[in-house]
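Below: one structure, written as structure tokens.
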Amino acid sequence: MKPMFAPSILSCDPSQFRPAVKEILESSVDWLHFDVMDGQFVPPITFGADLVKSLRTLGDAQFEAHLMTETPDAHFDAFIAAGCTRVIFHAEATHHAHRLCQALHERDVQAGVAINPATPVDCLLPLVGTMDLALIMTVNPGWGGQRLIEECLQKVRVLRETAPALDIEVDGGIDPTTIGRAWEAGANVFVTGSYLMRAPSVAAGLDELRAACSSRS
Ligand code: DX5
Ligand code: ZN
């Protein structure tokens with residue numbers, strides 16, 4: 001498995017979204033990660049599908065929407081129409097995670113399921129054959145720039161043992177000092193927000209992150 005990177009623009013000055021996304025998409029990233037917050041599931045409100053659509057033409061990397069929203073399925077079609085090829089919803093926001101994965105597959109996009117730090121990993125185990133990606137939050141969702149919660153990495157270990165080929169994404173507090181432990185635990189997709197915005201350039205930041213992931217078969 002090779003590490004994959006999904007930068008988030010959450011920590012970016014909104015007036016700079018276009019140049020920031022252009023730079024990210026020119027830095028050979030795998031995915032661009034959109035943090036969609038509705039002011040209900042988490043306190044802040046960020047942006048909607050219109051912004052995603054307006055940035056879609058800037059490059060080739062795939063787009064994923066991380067829906068930190070209540071009623072996640074009410075937003076699927078808008079983000080898919082805007083160009084997202086993976087939609088990640090929170091297990092805590094629905095009684096029907098399996099059905100929502102099916103609904104995304106019917107729309108020909110990948111289904112991701114996220115869990116908050118306080119949610120046990122067990123709720124993801126019945127979805128291993130169905131979801132395309134599990135997102136283990138390594139901070140409490142809502143804000144960029146927080147410290148990674150180490151206990152969350154144990155959930156990554158458990159999931160990786162059960163699902164050797166699953167894409168397991170970690171989100172929150174990922175930088176060169178933490179990514180190695182997340183990688184060792186079994187994560188292979190890394191969301192990075194504030195660290196990349198602080199780095200001298202996105203490309204230089206990604207090089208540092210890659211270097212911190214030792215080889216793993
Ligand atoms: C938090 C978001 C994250 C966040 C990560 O709710 O889901 O994607 O932007 O930002 P950093 O890398 O700064 O922790
Ligand atoms: Zn996110």
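Here's how to read the names in the structure tokens: chain A, B, ... by the order shown, residue numbers from 1 in each chain, ligand numbers from 1 in the order shown.
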
Q) Could you name the residues that touch Gly83 (chain A) at 9 Å or less, counting only C-alpha atoms, but leaving out those on the same chain fewer than 2 positions away, as a list in words? A) Ala49, Val52, Lys53, Arg56, Gln62, Phe63, Glu64, Ala78, Phe79, Ile80, Ala81 and Thr85 of chain A

Any chance you could export the current selection's C-alpha atoms as a compact mmCIF listing (two decimals), in the first residue's frame?
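As written to disk, part-v1.txt reads:
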# COMPACT_ATOMS: atom_id res chain seq x y z
CA ALA A 49 -21.79 22.42 -3.41
CA VAL A 52 -17.02 22.73 -5.00
CA LYS A 53 -18.43 23.12 -8.50
CA ARG A 56 -13.78 21.53 -10.13
CA GLN A 62 -10.64 13.57 -7.56
CA PHE A 63 -12.88 15.48 -5.15
CA GLU A 64 -14.33 14.04 -1.94
CA ALA A 78 -25.74 18.25 -4.92
CA PHE A 79 -22.16 17.26 -4.16
CA ILE A 80 -22.12 14.55 -6.80
CA ALA A 81 -23.47 17.01 -9.39
CA THR A 85 -16.57 11.12 -6.82

Shell of 6 Å around His33 (chain A), only C-alpha atoms, local chain residues under 5 positions omitted, as a PDB file with N, CA and C atoms, in the first residue's frame:
ATOM      1  N   ALA A   6      -5.023  13.692   0.810  1.00  0.00           N
ATOM      2  CA  ALA A   6      -6.280  14.392   0.518  1.00  0.00           C
ATOM      3  C   ALA A   6      -6.261  15.728   1.261  1.00  0.00           C
ATOM      4  N   PRO A   7      -5.586  16.727   0.707  1.00  0.00           N
ATOM      5  CA  PRO A   7      -5.551  18.026   1.393  1.00  0.00           C
ATOM      6  C   PRO A   7      -6.946  18.644   1.544  1.00  0.00           C
ATOM      7  N   SER A   8      -7.110  19.357   2.659  1.00  0.00           N
ATOM      8  CA  SER A   8      -8.357  20.076   2.946  1.00  0.00           C
ATOM      9  C   SER A   8      -8.084  21.576   2.888  1.00  0.00           C
ATOM     10  N   GLU A  64     -13.484  14.741  -2.910  1.00  0.00           N
ATOM     11  CA  GLU A  64     -14.327  14.036  -1.942  1.00  0.00           C
ATOM     12  C   GLU A  64     -14.968  15.066  -1.018  1.00  0.00           C
TER      13      GLU A  64
END

(Q) Distance limit 10 Å, reference ligand 2, atoms considered: only C-alpha atoms and all ligand atoms. Which residues make the cut? Give them as a ChimeraX atom specification. (A) /A:6-10,33-37,64-68,88,114,135-139,141-144,169-172,190-193

Q | Which residue of A:Asp77, A:Pro43, A:Val21, A:Asn116 approaches Leu55 (chain A) most closely, using only C-alpha atoms | A | A:Val21

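For the choices A:Gly173, A:Gly186, A:Pro126, A:Pro117, the atom-to-atom distance to ligand 1 is smallest for A:Gly173 when using only C-alpha atoms and all ligand atoms.
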
Q.
Quick one: residues within 12 Å of His95 (chain A), only C-alpha atoms, excluding same-chain residues fewer than 2 positions away - as JSON, numbers by chain?
A. {"A": [70, 71, 72, 73, 89, 90, 91, 92, 93, 97, 98, 99, 100, 123]}

Writer output for current selection, C-alpha atoms, as an mmCIF file, in the first residue's frame:
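Everything below was put into out_29.cif:
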data_model
loop_
_atom_site.group_PDB
_atom_site.id
_atom_site.type_symbol
_atom_site.label_atom_id
_atom_site.label_comp_id
_atom_site.auth_asym_id
_atom_site.auth_seq_id
_atom_site.Cartn_x
_atom_site.Cartn_y
_atom_site.Cartn_z
ATOM 1 C CA GLU A 70 -27.309 16.026 9.793
ATOM 2 C CA THR A 71 -29.457 14.344 7.105
ATOM 3 C CA PRO A 72 -26.376 13.524 4.994
ATOM 4 C CA ASP A 73 -28.338 11.869 2.179
ATOM 5 C CA PHE A 89 -20.981 10.780 5.690
ATOM 6 C CA HIS A 90 -20.906 10.301 9.461
ATOM 7 C CA ALA A 91 -22.196 7.076 10.991
ATOM 8 C CA GLU A 92 -23.492 9.198 13.891
ATOM 9 C CA ALA A 93 -25.762 11.164 11.549
ATOM 10 C CA ALA A 97 -25.272 3.675 7.102
ATOM 11 C CA HIS A 98 -25.544 0.532 4.974
ATOM 12 C CA ARG A 99 -28.448 1.897 2.960
ATOM 13 C CA LEU A 100 -26.669 5.221 2.459
ATOM 14 C CA CYS A 123 -20.041 0.158 14.066
#

(Q) DSSP on the backbone, helix (DSSP H, G or I) only: what residues of chain A does that give? Format it as a VMD selection string. (A) chain A and resid 14 to 25 49 to 58 72 to 81 91 to 93 97 to 106 121 to 127 152 to 162 179 to 185 194 to 198 202 to 211

Q: Could you give me, as a ChimeraX atom specification, each residue of region 44-201 of chain A that DSSP assigns to strand (DSSP E) when run on this structure's backbone?
A: /A:62-68,84-90,110-115,133-137,167-171,189-192

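Closest to Gly112 (chain A) among A:Val189, A:Ala182, A:Leu148, A:Leu153 is A:Val189, based on only C-alpha atoms.
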
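Between CA of Ser28 (chain A) and CA of Trp183 (chain A) there is a distance of 19.6 Å.
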
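Using only C-alpha atoms and all ligand atoms for every distance, the candidate list A:His96, A:Arg147, A:His75, A:Arg86 yields A:Arg147 as the residue closest to ligand 1.
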
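Across the structure, CA of Pro176 (chain A) and CA of Thr162 (chain A) are spaced 26.8 Å apart.
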
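Distances from A:Pro3, A:Pro44, A:Gly59, A:Gly205 to Ile168 (chain A) were compared using only C-alpha atoms, and the smallest one belongs to A:Pro3.
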
Q) Of the candidates A:Ala134, A:Ile45, A:Val156, A:Ala61, which one gets nearest to Glu23 (chain A) if we count only C-alpha atoms? A) A:Ala61

(Q) I want to know what sits within 9 Å of Arg181 (chain A), based on only C-alpha atoms, with residues of the same chain fewer than 3 positions away left out; could you give that as number ranges by chain? (A) A: 150, 153, 177-178, 184-186, 213
